[in-house]
Structure formats: C-alpha cells, structure tokens
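What follows is a single structure, written as structure tokens, with notes after it.
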Amino acid sequence: MAAWTLVQWLIAALAFGSTVVGGYVGYQAYRGFRRHHSRTMQYLSLGLISLTAVSFGVAFAGSVLLRRGYLPASYQQPLTLATRTFQFVGVSLIAYSLHRRG
Amino acid sequence: MSGDSELAALLDVLSDDYARSILAATSVRPMSAKQIAEECDMSGPTVYRRVERLREHDLVEEQTRVRVGGNDYNTYAATLSEFSLQLDEGSFEATLEAAPPPEFPGQHEDDAADRFTKMWEHL
C-alpha cells in the first residue's frame, strides 16, 4: 500500500475528529435524555450520532476496506449512498427533535 | 413600602452613582464583582460595598456559579426593573418592581447534559 500523503492523513484525522466530537455531543444529548426523560433529547442524540459518528464511521471503515481490497470497487457507490443516508436520517431526526416537545 | 427611614435609605442607595452604574451593568447580564469592577471602572472594595448595600435592599440578587474544579464564584444580577414614588394625601408611597434577570436557558446548570437539554428544549 502506498504511503499516505499529508492531505490523506489530514482527511483521516478530521474524519476521526468529527466522529469523536460528534459522538461526544451526541452522548451529552443522550445523557440529557436519560436524566430528564426527554424524548426531544433522545431524537437529538440519535440524530447527532447518526449524522456524525455513524456516517463517518461507515465512510471511514468503507474507505479502508475498499483501499485494502477487502471490498470490490463496485461497493464504492453503495457505501457513499449509505453514508449520505445516515447523514440525511441524522439531520431529519435533529429537525424532528426541534419541533417536538416533551 | 413601610417607614420613612426605609424610603430614605432606599433613596440614598439609588442616589449613589456607583450603585446605579452597578444596577445598570448587571441588568444586562449577571456579572461577578471583578467583571463589574472592569465594566464600571471601579475598585474592588467600591464594588463590594455597593453590591452589599444593593443586596440589603434586594435590588440585586447573588447567584453562585459552580465550577467543576472548585473555585465557585458569585455573580450579581439586578432585580430592580422599576422604581416609582408617589405623593398622595401627605405621604410618600414608593413602589419597587422587581423583574427576574433574563436568563439563558440552562445557564446555571453545571452538567453539560442538563445545560444542553435546557438549551435545546427552549429553542
């Protein structure tokens, strides 16, 4: 496998950072849901985790598997579709949590 | 409001420039004594003396901010929103209107999850 360029390292580091920070914010929302029995926070936490940790995780794991050849190149598009789907579900859950009360 | 001496004391507090500056500054947002000193260009002792007098008359409210690593500190917020004086049938009648200071939802919460919940639910 070819050595990674600086830009590739930066992309990977930022993707990992987004996963960690997004996961942290989602975790705080989840704690808010547990502490206050707030459905609003439940949807917010699910949305944040789907938008950040899950979609980045899928994209990152997928790109590693593709790069190493564990997955055929034809999986590229379905993986992108899956990533976009998690992002869409994430923002939709956040939008829903904004409008529901209690 | 009862008693001439109480009214006199209140007028005395409100006639003080420093005290009014503190009320004005803390009506915008709660501030620590240090922030008041900087904002109003006063010495620390001046701030403490005035804040103490304002508190005696319930014109400001003390709030404690808890910090995770200890070192809790106090902030002060003006509670006064209106002061009026009426002269009727030979006697003065003073009225104080107190308003709770405007708060950002969850600003007093120490825990990130509690603060987050209140912020989000109040959007």
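FYI, nothing fancy with the structure tokens labels: chains A, B, ... in order, residues from 1 per chain, ligands from 1 as they appear.
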* To do: Could the residues of chain A within 12 Å of chain B, counting only C-alpha atoms, be given as a ChimeraX atom specification, please?
  => /A:24-45,94-95,97-102
Report as CSV: every residue of range 51-76 of chain A with an atom at most 9 Å from range 13-20 of chain A, its closest pair of atoms, and their distance in Å to one decimal, counting only C-alpha atoms, with rows sorted by chain and ascending residue number.
```
residue,atom,partner,partner_atom,distance
A:Thr52,CA,A:Thr19,CA,5.5
A:Ala53,CA,A:Thr19,CA,4.3
A:Val54,CA,A:Thr19,CA,7.8
A:Ser55,CA,A:Thr19,CA,8.6
A:Phe56,CA,A:Thr19,CA,6.1
A:Gly57,CA,A:Thr19,CA,7.0
A:Ala59,CA,A:Ala15,CA,9.0
A:Phe60,CA,A:Ala15,CA,7.4
```
Store the residues of this selection in a file with C-alpha atoms, as a compact mmCIF listing (two decimals), in the first residue's frame.
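Everything below was put into again_31.txt:
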```txt
# COMPACT_ATOMS: atom_id res chain seq x y z
CA THR A 52 -21.53 12.25 12.82
CA ALA A 53 -20.29 9.04 14.40
CA VAL A 54 -22.31 6.55 12.33
CA SER A 55 -21.94 8.20 8.91
CA PHE A 56 -18.26 8.99 9.43
CA GLY A 57 -17.68 5.53 10.83
CA ALA A 59 -17.46 6.12 5.37
CA PHE A 60 -14.14 5.63 7.11
```
* Top pick for closest residue to Leu93 in chain A, considering A:Leu51, A:Leu79, A:Leu71, A:Ala61 and counting only C-alpha atoms ->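 Ranking A:Leu51, A:Leu79, A:Leu71, A:Ala61 by distance to Leu93 in chain A, first place goes to A:Leu51.
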* Name all residues at most 7 Å from Ser32 in chain B (count only C-alpha atoms; drop same-chain ones fewer than 2 positions away) and give them as a ChimeraX atom specification. => /B:34-36,74-76
Selected residues, N, CA, C and O atoms, written as a PDB file, in the first residue's frame, please.
```
ATOM      1  N   LYS B  34     -15.580  41.125  39.909  1.00  0.00           N
ATOM      2  CA  LYS B  34     -14.435  41.527  39.087  1.00  0.00           C
ATOM      3  C   LYS B  34     -14.901  42.120  37.747  1.00  0.00           C
ATOM      4  O   LYS B  34     -14.380  43.134  37.288  1.00  0.00           O
ATOM      5  N   GLN B  35     -15.916  41.454  37.158  1.00  0.00           N
ATOM      6  CA  GLN B  35     -16.439  41.961  35.883  1.00  0.00           C
ATOM      7  C   GLN B  35     -17.069  43.341  36.069  1.00  0.00           C
ATOM      8  O   GLN B  35     -16.921  44.216  35.215  1.00  0.00           O
ATOM      9  N   ILE B  36     -17.779  43.503  37.202  1.00  0.00           N
ATOM     10  CA  ILE B  36     -18.396  44.812  37.472  1.00  0.00           C
ATOM     11  C   ILE B  36     -17.303  45.873  37.601  1.00  0.00           C
ATOM     12  O   ILE B  36     -17.399  46.960  37.021  1.00  0.00           O
ATOM     13  N   ASN B  74     -19.314  34.071  42.767  1.00  0.00           N
ATOM     14  CA  ASN B  74     -20.648  34.663  42.794  1.00  0.00           C
ATOM     15  C   ASN B  74     -20.811  35.673  41.674  1.00  0.00           C
ATOM     16  O   ASN B  74     -19.879  36.372  41.320  1.00  0.00           O
ATOM     17  N   THR B  75     -22.021  35.714  41.160  1.00  0.00           N
ATOM     18  CA  THR B  75     -22.343  36.772  40.214  1.00  0.00           C
ATOM     19  C   THR B  75     -23.546  37.528  40.770  1.00  0.00           C
ATOM     20  O   THR B  75     -24.268  37.025  41.631  1.00  0.00           O
ATOM     21  N   TYR B  76     -23.709  38.727  40.284  1.00  0.00           N
ATOM     22  CA  TYR B  76     -24.801  39.572  40.753  1.00  0.00           C
ATOM     23  C   TYR B  76     -25.648  40.002  39.568  1.00  0.00           C
ATOM     24  O   TYR B  76     -25.116  40.294  38.501  1.00  0.00           O
TER      25      TYR B  76
END
```
